[in-house]
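Visitor: Contents are mmCIF, C-alpha atoms; file name start.cif:
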```
data_query
#
loop_
_atom_site.label_atom_id
_atom_site.label_comp_id
_atom_site.auth_asym_id
_atom_site.auth_seq_id
_atom_site.Cartn_x
_atom_site.Cartn_y
_atom_site.Cartn_z
CA MET V 135 0.00 0.00 0.00
CA LYS V 136 1.34 3.44 -0.93
CA ARG V 137 2.19 5.96 1.77
CA SER V 138 -0.39 8.36 0.35
CA GLU V 139 -3.09 5.69 0.69
CA VAL V 140 -2.10 5.07 4.31
CA ARG V 141 -2.23 8.81 4.98
CA HIS V 142 -5.69 9.06 3.43
CA LYS V 143 -7.00 6.19 5.58
CA ILE V 144 -5.57 7.78 8.72
CA GLN V 145 -7.12 11.12 7.75
CA ASN V 146 -10.54 9.64 7.03
CA SER V 147 -10.70 7.51 10.16
CA SER V 148 -9.29 10.23 12.44
CA LEU V 149 -11.58 12.97 11.15
CA GLY V 150 -14.58 10.64 11.44
CA PHE V 151 -13.66 9.85 15.03
CA ILE V 152 -13.18 13.54 15.86
CA ALA V 153 -16.56 14.51 14.38
CA GLY V 154 -18.43 11.77 16.25
CA TYR V 155 -16.57 12.53 19.47
CA VAL V 156 -17.10 16.30 19.43
CA ASP V 157 -20.73 15.99 18.34
CA THR V 158 -21.59 13.59 21.16
CA LEU V 159 -19.66 15.52 23.80
CA GLY V 160 -21.51 18.70 22.84
CA PHE V 161 -24.83 16.84 22.95
CA VAL V 162 -24.17 15.32 26.37
CA ALA V 163 -22.65 18.43 27.93
CA LEU V 164 -24.67 21.26 26.38
CA PHE V 165 -28.36 20.47 26.68
CA GLY V 166 -28.61 18.20 23.62
CA LEU V 167 -26.75 20.51 21.24
CA PHE V 168 -25.48 19.01 17.97
CA THR V 169 -22.23 20.66 16.89
CA ALA V 170 -21.40 18.47 13.85
CA HIS V 171 -24.79 17.07 12.80
CA VAL V 172 -26.12 20.61 13.08
CA THR V 173 -29.34 19.99 11.14
CA GLY V 174 -30.38 17.69 13.97
CA ASN V 175 -30.90 20.84 16.00
CA PHE V 176 -33.87 21.70 13.74
CA VAL V 177 -35.69 18.65 15.08
CA LEU V 178 -35.01 19.75 18.65
CA ILE V 179 -35.96 23.35 17.86
CA GLY V 180 -39.27 22.22 16.38
CA SER V 181 -39.95 19.95 19.34
CA GLU V 182 -39.18 22.71 21.83
CA MET V 183 -41.34 25.24 19.99
CA ALA V 184 -44.30 22.85 19.88
CA HIS V 185 -43.89 21.68 23.48
CA PRO V 186 -42.00 24.36 25.43
CA HIS V 187 -40.10 22.98 28.40
CA GLY V 188 -37.83 25.92 29.06
CA GLY V 189 -34.94 24.34 27.15
CA PRO V 190 -32.00 26.21 25.59
CA LEU V 191 -33.82 27.12 22.38
CA LEU V 192 -31.65 30.13 21.57
CA LEU V 193 -28.42 28.13 21.80
CA LYS V 194 -29.69 25.60 19.25
CA ILE V 195 -30.79 28.41 16.94
CA LEU V 196 -27.42 30.19 17.19
CA ALA V 197 -25.53 26.95 16.49
CA PHE V 198 -26.68 26.97 12.87
CA PRO V 199 -25.25 30.41 11.86
CA ALA V 200 -22.10 29.52 13.84
CA PHE V 201 -21.75 26.33 11.78
CA ILE V 202 -22.31 28.29 8.57
CA PHE V 203 -19.71 30.85 9.64
CA GLY V 204 -17.20 28.01 10.03
CA ILE V 205 -17.91 26.85 6.47
CA VAL V 206 -17.69 30.37 5.04
CA PHE V 207 -14.47 31.05 6.92
CA SER V 208 -12.89 27.81 5.74
CA ARG V 209 -13.88 28.60 2.12
CA LEU V 210 -12.29 32.04 2.25
CA VAL V 211 -9.13 30.73 3.90
CA VAL V 212 -8.77 27.92 1.37
CA ALA V 213 -9.33 30.30 -1.55
CA GLY V 214 -6.77 32.76 -0.19
CA LEU V 215 -4.12 30.12 0.50
CA GLN V 216 -4.56 28.32 -2.81
CA SER V 217 -4.34 31.58 -4.76
CA ASN V 218 -0.88 32.04 -3.20
CA GLY V 219 0.15 28.46 -3.90
CA ARG V 220 0.04 27.47 -0.21
CA HIS V 221 -0.76 24.01 1.15
CA ALA V 222 -4.19 24.85 2.56
CA LEU V 223 -5.06 21.68 4.48
CA PHE V 224 -2.26 22.07 7.03
CA TYR V 225 -3.46 25.57 7.94
CA LEU V 226 -7.10 24.47 8.16
CA TYR V 227 -6.02 21.81 10.63
CA ILE V 228 -4.47 24.59 12.71
CA ILE V 229 -7.74 26.56 12.65
CA GLU V 230 -9.79 23.56 13.77
CA LEU V 231 -7.24 22.83 16.46
CA PHE V 232 -7.55 26.39 17.76
CA LEU V 233 -11.37 26.23 17.77
CA LEU V 234 -11.44 22.87 19.55
CA THR V 235 -9.05 24.22 22.17
CA ALA V 236 -11.28 27.26 22.64
CA PHE V 237 -14.31 24.94 22.89
CA MET V 238 -12.58 22.99 25.66
CA ALA V 239 -11.46 26.13 27.51
CA LEU V 240 -14.89 27.78 27.43
CA GLY V 241 -16.61 24.56 28.43
CA THR V 242 -14.23 24.13 31.35
CA LEU V 243 -14.98 27.69 32.49
CA ALA V 244 -18.71 26.90 32.31
CA GLU V 245 -18.43 23.84 34.56
CA PRO V 246 -20.37 22.73 36.44
CA ILE V 247 -23.11 22.93 33.80
CA GLY V 248 -26.42 23.71 35.46
CA SER V 249 -29.98 23.62 34.20
CA GLU V 250 -29.65 27.05 32.57
CA VAL V 251 -27.34 28.10 29.76
CA SER V 252 -24.61 30.28 31.25
CA PHE V 253 -22.56 32.79 29.22
CA TYR V 254 -19.56 30.48 28.93
CA ALA V 255 -21.70 27.41 28.17
CA GLY V 256 -23.49 29.24 25.35
CA LEU V 257 -20.22 30.56 23.96
CA ALA V 258 -18.72 27.07 24.14
CA GLY V 259 -21.60 25.66 22.09
CA ILE V 260 -21.23 28.37 19.44
CA VAL V 261 -17.46 27.84 19.15
CA GLY V 262 -17.95 24.06 19.00
CA ALA V 263 -20.38 24.50 16.10
CA MET V 264 -17.88 26.80 14.37
CA ALA V 265 -15.18 24.16 14.77
CA MET V 266 -17.35 21.51 13.16
CA GLY V 267 -18.44 23.91 10.43
CA THR V 268 -14.78 24.46 9.60
CA HIS V 269 -14.26 20.70 9.73
CA SER V 270 -17.11 20.11 7.26
CA GLY V 271 -16.00 22.96 5.01
CA TYR V 272 -12.40 21.92 4.45
CA SER V 273 -13.39 18.25 4.26
CA ARG V 274 -15.64 19.04 1.30
CA LEU V 275 -13.16 21.46 -0.30
CA LEU V 276 -9.86 19.67 0.19
CA LEU V 277 -10.72 16.04 0.98
CA SER V 278 -13.51 15.37 -1.51
CA HIS V 279 -11.70 12.17 -2.56
CA LEU V 280 -12.37 10.78 0.94
CA VAL V 281 -15.60 9.74 2.62
CA PRO V 282 -17.46 12.63 4.32
CA THR V 283 -16.76 12.55 8.05
CA ALA V 284 -19.23 14.92 9.72
CA MET V 285 -22.53 13.63 8.32
CA MET V 286 -22.87 9.84 8.50
CA THR V 287 -26.42 9.20 7.24
CA GLY V 288 -25.41 9.14 3.57
CA ASN V 289 -22.31 7.09 4.39
CA VAL V 290 -24.33 4.45 6.25
CA THR V 291 -26.82 4.28 3.36
CA GLN V 292 -24.03 3.69 0.81
CA LEU V 293 -22.28 1.19 3.09
CA VAL V 294 -25.44 -0.86 3.58
CA ILE V 295 -26.21 -0.88 -0.17
CA ASP V 296 -22.68 -2.03 -1.02
CA THR V 297 -22.66 -4.63 1.77
CA VAL V 298 -25.90 -6.14 0.47
CA ASP V 299 -24.38 -6.37 -3.02
CA VAL V 300 -21.24 -8.02 -1.62
CA ILE V 301 -23.28 -10.57 0.34
CA ARG V 302 -25.48 -11.47 -2.66
CA GLY V 303 -22.43 -11.79 -4.91
CA ALA V 304 -23.29 -8.89 -7.19
CA ALA V 305 -20.37 -6.64 -6.27
CA ASP V 306 -17.42 -6.00 -8.57
CA ASP V 307 -13.98 -4.89 -7.37
CA ASN V 308 -14.98 -1.21 -7.37
CA VAL V 309 -17.95 -1.87 -5.09
CA LYS V 310 -15.82 -3.95 -2.72
CA ARG V 311 -13.20 -1.20 -2.51
CA ARG V 312 -15.91 1.39 -1.90
CA CYS V 313 -17.42 -0.77 0.83
CA LYS V 314 -14.09 -0.88 2.66
CA LYS V 315 -13.56 2.82 2.06
CA PHE V 316 -16.87 3.72 3.74
CA LEU V 317 -16.57 1.18 6.54
CA TRP V 318 -13.72 2.72 8.52
CA PRO V 319 -15.02 6.31 8.81
CA VAL V 320 -18.45 5.01 9.89
CA LEU V 321 -16.88 2.77 12.53
CA SER V 322 -14.56 5.56 13.67
CA PHE V 323 -17.45 8.00 14.01
CA SER V 324 -19.38 5.41 16.05
CA VAL V 325 -16.44 4.68 18.35
CA GLY V 326 -15.85 8.41 18.82
CA ALA V 327 -19.51 8.98 19.67
CA VAL V 328 -19.63 6.23 22.28
CA GLY V 329 -16.22 7.11 23.70
CA ALA V 330 -17.09 10.78 24.15
CA ALA V 331 -20.17 9.98 26.25
CA PHE V 332 -18.06 8.08 28.78
CA ALA V 333 -15.09 10.43 28.54
CA TYR V 334 -17.23 13.45 29.44
CA GLN V 335 -18.54 11.65 32.53
CA TRP V 336 -14.99 11.04 33.69
CA PHE V 337 -13.12 14.17 32.60
CA GLY V 338 -15.66 16.85 31.69
CA PHE V 339 -14.60 19.16 28.87
CA LEU V 340 -10.98 18.10 29.37
CA ALA V 341 -12.04 15.00 27.43
CA LEU V 342 -11.55 17.17 24.33
CA LEU V 343 -7.80 16.73 24.82
CA LEU V 344 -8.14 13.48 22.86
CA PRO V 345 -9.43 14.99 19.58
CA ILE V 346 -7.04 17.91 20.08
CA SER V 347 -4.14 15.44 20.29
CA MET V 348 -5.41 13.72 17.16
CA MET V 349 -5.42 17.07 15.34
CA PHE V 350 -1.74 17.50 16.26
CA HIS V 351 -1.04 14.08 14.76
CA LEU V 352 -2.89 14.96 11.56
CA MET V 353 -0.88 18.19 11.33
CA TYR V 354 2.35 16.24 11.74
CA ILE V 355 1.39 13.85 8.94
CA GLU V 356 0.26 16.68 6.68
CA ARG V 357 3.43 18.66 7.31
CA GLY V 358 5.44 15.69 6.02
CA ALA V 359 3.29 15.54 2.88
CA MET V 360 3.61 19.31 2.47
CA GLN V 361 7.41 19.18 2.62
CA LYS V 362 7.45 16.30 0.17
CA ASN V 363 5.35 18.30 -2.30
CA GLN V 364 7.59 21.33 -1.85
CA ASN V 365 10.70 19.25 -2.58
CA ARG V 366 9.03 17.71 -5.64
CA ASN V 367 8.02 21.13 -6.96
CA ALA V 368 11.50 22.52 -6.33
CA TYR V 369 13.00 19.60 -8.26
CA LYS V 370 10.59 20.18 -11.18
CA ARG V 371 11.49 23.88 -11.31
CA LYS V 372 15.18 23.00 -11.30
CA GLN V 373 14.72 20.54 -14.16
CA GLN V 374 12.75 23.13 -16.14
CA LYS V 375 15.54 25.70 -15.74
CA ILE V 376 18.09 23.14 -16.91
CA ALA V 377 15.94 22.29 -19.93
CA GLN V 378 15.58 25.99 -20.79
CA LYS V 379 19.35 26.57 -20.62
CA LYS V 380 20.27 23.66 -22.89
CA PRO V 381 19.08 25.19 -26.23
CA GLU V 382 20.98 28.42 -25.44
CA GLY V 383 24.17 26.46 -24.81
CA GLN V 384 23.71 24.43 -27.95
CA ALA V 385 23.17 27.61 -30.02
CA VAL V 386 26.44 29.12 -28.73
CA ALA V 387 28.33 25.94 -29.55
CA GLN V 388 27.10 26.03 -33.16
#
```
Starting from the coordinates I provided, produce the structure as structure tokens.
Guide:
Amino acid sequence: MKRSEVRHKIQNSSLGFIAGYVDTLGFVALFGLFTAHVTGNFVLIGSEMAHPHGGPLLLKILAFPAFIFGIVFSRLVVAGLQSNGRHALFYLYIIELFLLTAFMALGTLAEPIGSEVSFYAGLAGIVGAMAMGTHSGYSRLLLSHLVPTAMMTGNVTQLVIDTVDVIRGAADDNVKRRCKKFLWPVLSFSVGAVGAAFAYQWFGFLALLLPISMMFHLMYIERGAMQKNQNRNAYKRKQQKIAQKKPEGQAVAQ
């Protein structure tokens, strides 16, 4: 297996785990708030509006524009970096890392979480949604060759369809490869979701140190790929200069 393929599998599985982990931790800690599966908040908003129980309706409403802001911000950053020939993914990892760290810090300040949404708890939820909006944005922009990691409904649908075809013997090699490709992010998201529920019980918002550590690892891997691309591009430019000089030298010799 090529090193690039290994890197892509690590990226896909890690980002799936992070999305499931952060989404579940936000849901458990912040009054049922979805930070990654943000459209799920619409269901909760509708339920709360129809049967008011004094829940944090405003926080769930604000999570959606915060998520959108994360997507918009990631789009602008990617466009700006790519226009200057920069390796955008590494810098988007840094932005998500910063937002996750801010999410953890604000959540820690809000502890213990009571029955009402405090200032720091509300701000933590908004920043968490921004982090996952950024996550979704750069995943779609820069990692479109991988399986989506923030929204799992479509992934599960495709995985089940392909699995049925494999079981009934109607799957070709492409379907089998796709089945394996979708399997690991779905499993990683599930493990992250379950793990976060227990981790929050034990460590509170400090449980976010795990996805933060994983972001550092992704940055380390991406930095290696970035340096490799820079060396390859430098070599190509050097070869082009040599090729351009050769005709001039040959003309002088004649």
Visitor: Can you turn the PyMOL selection byres ((chain V and resi 153) around 7) into a concrete residue list for this file, as a VMD selection string?
Guide: chain V and resid 149 to 152 154 to 157 170 283 to 284 323
Visitor: To one decimal in Å, tell me the separation between CA of Phe168 (chain V) and CA of Ile229 (chain V).
Guide: 20.0 Å
Visitor: Would you write out, as a PyMOL selection string, every residue that the PyMOL selection byres ((chain V and resi 310) around 12) captures in this file?
Guide: chain V and resi 292-301+303-309+311-317
Visitor: So, counting only C-alpha atoms, which residue among V:Leu275, V:Ile144, V:Leu340, V:Ile179 is closest to Ile355 (chain V)?
Guide: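 Ranking V:Leu275, V:Ile144, V:Leu340, V:Ile179 by distance to Ile355 (chain V), first place goes to V:Ile144.
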Visitor: Have a look at V:Ile202, V:Ser138, V:Lys194, V:Gln335 and name the one nearest to Lys362 (chain V); count all atoms listed in the file.
Guide: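 Checking each candidate against Lys362 (chain V), we get V:Ser138 as the closest.
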Visitor: Let me make sure I understand: among V:Ser181, V:Ser273, V:Leu192, V:Gly262, which one has the smallest atom-to-atom distance to Val212 (chain V) if we use only C-alpha atoms?
Guide: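 Going through V:Ser181, V:Ser273, V:Leu192, V:Gly262 one by one, the smallest distance to Val212 (chain V) is for V:Ser273.
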Visitor: Would you pick out the contacts of Met348 (chain V) at 10 Å or less, using only C-alpha atoms, so that residues sharing its chain but fewer than 3 positions from it are not included, and give the list as a list in words?
Guide: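 Selected residues are Gln145, Ser148, Leu149, Phe151, Ile152, Leu231, Leu343, Leu344, Pro345, His351, Leu352, Met353 and Tyr354 of chain V.
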Visitor: Determine the nearest neighbour of Ser270 (chain V) from the options V:Gly204, V:Gly338, V:Pro246, V:Gly358, counting all atoms listed in the file.
Guide: V:Gly204
Visitor: Ala163 (chain V): which residues within 9 Å, counting all atoms listed in the file, same-chain residues fewer than 5 positions away excluded, as a list in words?
Guide: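 In the requested form, the answer reads Thr158, Gly241, Ile247, Ala331, Tyr334, Gly338 and Phe339 of chain V.
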Visitor: From the set V:Thr291, V:Thr235, V:Gln378, V:Ser249, which residue has the shortest atom-to-atom contact distance to Leu164 (chain V), counting all atoms listed in the file?
Guide: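 The closest residue to Leu164 (chain V) is V:Ser249.
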Visitor: Would you kindly translate the PyMOL selection byres ((chain V and resi 265) around 7) into the concrete residues it picks from this file, as a ChimeraX atom specification?
Guide: /V:204,230,233-234,261-264,266-269
Visitor: Just the number, please: distance in Å from CA of Ser347 (chain V) to CA of Leu159 (chain V), one decimal.
Guide: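 Those two atoms sit 15.9 Å apart.
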Visitor: Quick one: of V:Ala222, V:Asn146, V:Leu167, V:Pro190, who's nearest to Met360 (chain V), counting all atoms listed in the file?
Guide: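 Among the listed residues, V:Ala222 lies closest to Met360 (chain V).
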Visitor: Would you compute the distance between CA of Leu226 (chain V) and CA of Val290 (chain V)? Give it in Å to one decimal.
Guide: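 So the two atoms, CA of Leu226 (chain V) and CA of Val290 (chain V), lie 26.5 Å apart.
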